[in-house]
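Undergrad: Could you have a look at this structure, given as structure tokens, before my questions?
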Amino acid sequence: MPGHTENEITIAAPLDLVWEMTNDLENWPQLFSEYASVEVMKRVGQKTTFRLTMHPDENGKVWSWVSERTMDRKGLKVKARRVEPGPFKHMDIKWEYAEVPGGTRMHWTQDFAMRPEAPVDDAGMTDMINRNSKIQMELIRDKIEQRARERGVHGAPVLPN
């Protein structure tokens with residue numbers, strides 16, 4: 001059965017800042033703890049093709065792949081897919097953003113299937129993604145909130161009912 005994950009976090013910062021920082025691919029190695037490097041290969045309109053390379057895993061293996069990412073700023077969505085899926089049959093990712101009382105909600109959805117020869121099956125990868133998404137989202141939240149404090153900006157206002 002294919003894997004599916006959904007994870008979200010609220011960041012106490014304005015939507016524009018959250019969008020800016022989370023879609024600045026060249027700075028992902030400073031935003032995420034798992035990425036060693038990002039190489040932007042091509043940009044056409046709102047679509048970017050890029051190579052992500054992770055830090056070595058516990059066995060010393062370095063994972064790298066090419067993805068396409070298409071931003072829809074007006075719709076507050078980003079869609080991505082792995083062009084070089086590696087151990088995945090496919091990996092499709094959607095990021096959605098929304099202004100909420102006190103900040104910005106960032107929601108990640110990942111739909112995927114593992115190849116039979118992959119080192120982990122769909123259920124195992126689902127568990128790994130859910131654990132790691134929580135860690136990465138908390139790091140991202142903390143870094144964006146720090147930047148917001150440095151800029152003297154705050155999250156979205158709490159709206160009256």
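Here, A, B, ... name the chains of the structure tokens in the order displayed, residue numbers run from 1 inside each chain, and ligands are numbered from 1 in the same displayed order.
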Region 15-97 of chain A: which residues are strand (DSSP E) by DSSP, as JSON, numbers by chain?
TA: {"A": [35, 36, 37, 38, 39, 40, 41, 42, 43, 44, 47, 48, 49, 50, 51, 52, 53, 54, 64, 65, 66, 67, 68, 69, 70, 71, 72, 77, 78, 79, 80, 81, 82, 88, 89, 90, 91, 92, 93, 94, 95, 96, 97]}
Undergrad: Store the residues of this selection in a file with N, CA and C atoms, as a tab-separated table (two decimals), in the first residue's frame.
TA:
```
chain	number	residue	atom	x	y	z
A	35	TYR	N	20.02	18.41	5.08
A	35	TYR	CA	20.56	18.66	3.75
A	35	TYR	C	21.97	19.24	3.83
A	36	ALA	N	22.89	18.60	3.10
A	36	ALA	CA	24.26	19.10	3.02
A	36	ALA	C	24.39	20.15	1.94
A	37	SER	N	23.66	19.95	0.81
A	37	SER	CA	23.77	20.92	-0.28
A	37	SER	C	22.55	20.88	-1.18
A	38	VAL	N	22.36	22.00	-1.88
A	38	VAL	CA	21.32	22.15	-2.89
A	38	VAL	C	22.00	22.73	-4.13
A	39	GLU	N	21.77	22.11	-5.27
A	39	GLU	CA	22.28	22.63	-6.53
A	39	GLU	C	21.09	22.92	-7.43
A	40	VAL	N	20.83	24.20	-7.69
A	40	VAL	CA	19.76	24.58	-8.61
A	40	VAL	C	20.27	24.33	-10.02
A	41	MET	N	19.53	23.50	-10.76
A	41	MET	CA	19.94	23.12	-12.11
A	41	MET	C	19.25	23.96	-13.18
A	42	LYS	N	17.99	24.32	-12.93
A	42	LYS	CA	17.23	25.06	-13.94
A	42	LYS	C	16.05	25.74	-13.27
A	43	ARG	N	15.77	26.96	-13.74
A	43	ARG	CA	14.57	27.70	-13.32
A	43	ARG	C	13.84	28.15	-14.57
A	44	VAL	N	12.54	27.81	-14.62
A	44	VAL	CA	11.69	28.27	-15.71
A	44	VAL	C	10.39	28.73	-15.05
A	47	LYS	N	8.87	27.10	-11.81
A	47	LYS	CA	9.37	25.74	-11.65
A	47	LYS	C	10.88	25.73	-11.53
A	48	THR	N	11.37	25.04	-10.52
A	48	THR	CA	12.81	24.91	-10.29
A	48	THR	C	13.16	23.43	-10.27
A	49	THR	N	14.20	23.06	-11.00
A	49	THR	CA	14.75	21.71	-10.96
A	49	THR	C	16.06	21.81	-10.18
A	50	PHE	N	16.23	20.94	-9.20
A	50	PHE	CA	17.38	21.05	-8.31
A	50	PHE	C	17.79	19.68	-7.78
A	51	ARG	N	19.05	19.59	-7.36
A	51	ARG	CA	19.58	18.38	-6.73
A	51	ARG	C	19.76	18.65	-5.24
A	52	LEU	N	19.19	17.76	-4.44
A	52	LEU	CA	19.38	17.79	-2.99
A	52	LEU	C	20.35	16.69	-2.61
A	53	THR	N	21.27	17.00	-1.74
A	53	THR	CA	22.19	16.00	-1.21
A	53	THR	C	22.12	16.06	0.31
A	54	MET	N	21.93	14.91	0.91
A	54	MET	CA	21.81	14.83	2.37
A	54	MET	C	23.17	14.62	3.01
A	64	SER	N	21.17	11.35	-2.57
A	64	SER	CA	21.04	12.54	-3.40
A	64	SER	C	20.00	12.25	-4.48
A	65	TRP	N	19.25	13.26	-4.87
A	65	TRP	CA	18.24	13.08	-5.91
A	65	TRP	C	17.91	14.43	-6.54
A	66	VAL	N	17.27	14.36	-7.71
A	66	VAL	CA	16.82	15.56	-8.41
A	66	VAL	C	15.31	15.66	-8.25
A	67	SER	N	14.84	16.87	-7.93
A	67	SER	CA	13.42	17.15	-7.78
A	67	SER	C	13.02	18.34	-8.63
A	68	GLU	N	11.74	18.43	-8.91
A	68	GLU	CA	11.13	19.61	-9.52
A	68	GLU	C	10.18	20.20	-8.49
A	69	ARG	N	10.19	21.51	-8.37
A	69	ARG	CA	9.35	22.20	-7.40
A	69	ARG	C	8.69	23.36	-8.10
A	70	THR	N	7.35	23.43	-8.02
A	70	THR	CA	6.59	24.50	-8.66
A	70	THR	C	5.85	25.28	-7.59
A	71	MET	N	6.12	26.59	-7.56
A	71	MET	CA	5.51	27.45	-6.54
A	71	MET	C	4.28	28.16	-7.11
A	72	ASP	N	3.25	28.25	-6.28
A	72	ASP	CA	2.04	28.99	-6.60
A	72	ASP	C	1.81	29.97	-5.45
A	77	LYS	N	0.60	27.49	-2.35
A	77	LYS	CA	0.92	26.06	-2.47
A	77	LYS	C	2.23	25.88	-3.23
A	78	VAL	N	2.89	24.80	-2.91
A	78	VAL	CA	4.07	24.37	-3.65
A	78	VAL	C	3.91	22.88	-3.91
A	79	LYS	N	4.14	22.47	-5.14
A	79	LYS	CA	4.11	21.06	-5.47
A	79	LYS	C	5.50	20.64	-5.92
A	80	ALA	N	5.90	19.45	-5.50
A	80	ALA	CA	7.22	18.94	-5.87
A	80	ALA	C	7.11	17.46	-6.17
A	81	ARG	N	8.05	17.00	-6.98
A	81	ARG	CA	8.15	15.57	-7.26
A	81	ARG	C	9.60	15.23	-7.53
A	82	ARG	N	9.95	14.02	-7.18
A	82	ARG	CA	11.30	13.56	-7.46
A	82	ARG	C	11.40	13.15	-8.92
A	88	PHE	N	12.48	5.26	-4.33
A	88	PHE	CA	11.03	5.46	-4.45
A	88	PHE	C	10.57	5.11	-5.85
A	89	LYS	N	9.39	4.50	-5.96
A	89	LYS	CA	8.73	4.39	-7.27
A	89	LYS	C	8.30	5.79	-7.69
A	90	HIS	N	7.77	6.52	-6.72
A	90	HIS	CA	7.41	7.93	-6.93
A	90	HIS	C	7.38	8.62	-5.58
A	91	MET	N	7.57	9.94	-5.61
A	91	MET	CA	7.48	10.77	-4.41
A	91	MET	C	6.90	12.10	-4.85
A	92	ASP	N	5.69	12.39	-4.37
A	92	ASP	CA	5.01	13.65	-4.67
A	92	ASP	C	4.77	14.38	-3.36
A	93	ILE	N	5.09	15.66	-3.35
A	93	ILE	CA	5.03	16.45	-2.13
A	93	ILE	C	4.22	17.71	-2.39
A	94	LYS	N	3.42	18.10	-1.41
A	94	LYS	CA	2.67	19.36	-1.50
A	94	LYS	C	2.86	20.11	-0.18
A	95	TRP	N	3.24	21.37	-0.29
A	95	TRP	CA	3.32	22.27	0.86
A	95	TRP	C	2.19	23.27	0.70
A	96	GLU	N	1.45	23.49	1.79
A	96	GLU	CA	0.37	24.48	1.78
A	96	GLU	C	0.59	25.42	2.96
A	97	TYR	N	0.29	26.68	2.73
A	97	TYR	CA	0.48	27.72	3.73
A	97	TYR	C	-0.86	28.41	3.98
```
Undergrad: Compile a residue-level contact table for region 74-135 of chain A against region 145-150 of chain A at a cut-off of 12 Å, reporting for every qualifying residue the shortest atom pair and its distance in Å to one decimal, with only C-alpha atoms counted, rows ordered by chain and ascending number, as CSV.
TA:
```
residue,atom,partner,partner_atom,distance
A:Gly102,CA,A:Glu145,CA,11.6
A:Gly103,CA,A:Glu145,CA,9.7
A:Thr104,CA,A:Glu145,CA,10.7
```
Undergrad: May I ask for the distance between CA of Asp127 (chain A) and CA of Ile9 (chain A), given in Å to one decimal place?
TA: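 Calculated distance between CA of Asp127 (chain A) and CA of Ile9 (chain A) is 17.7 Å.
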Undergrad: For Arg105 (chain A), which of A:Glu8, A:Asp57, A:Glu138, A:Asp16 is the closest residue, counting only C-alpha atoms?
TA: A:Glu8
Undergrad: Return the single residue from A:Leu25, A:Leu76, A:Val83, A:Ile140 that is closest to Ala12 (chain A), with distances computed using only C-alpha atoms.
TA: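 Using only C-alpha atoms, Ala12 (chain A) sits closest to A:Ile140.
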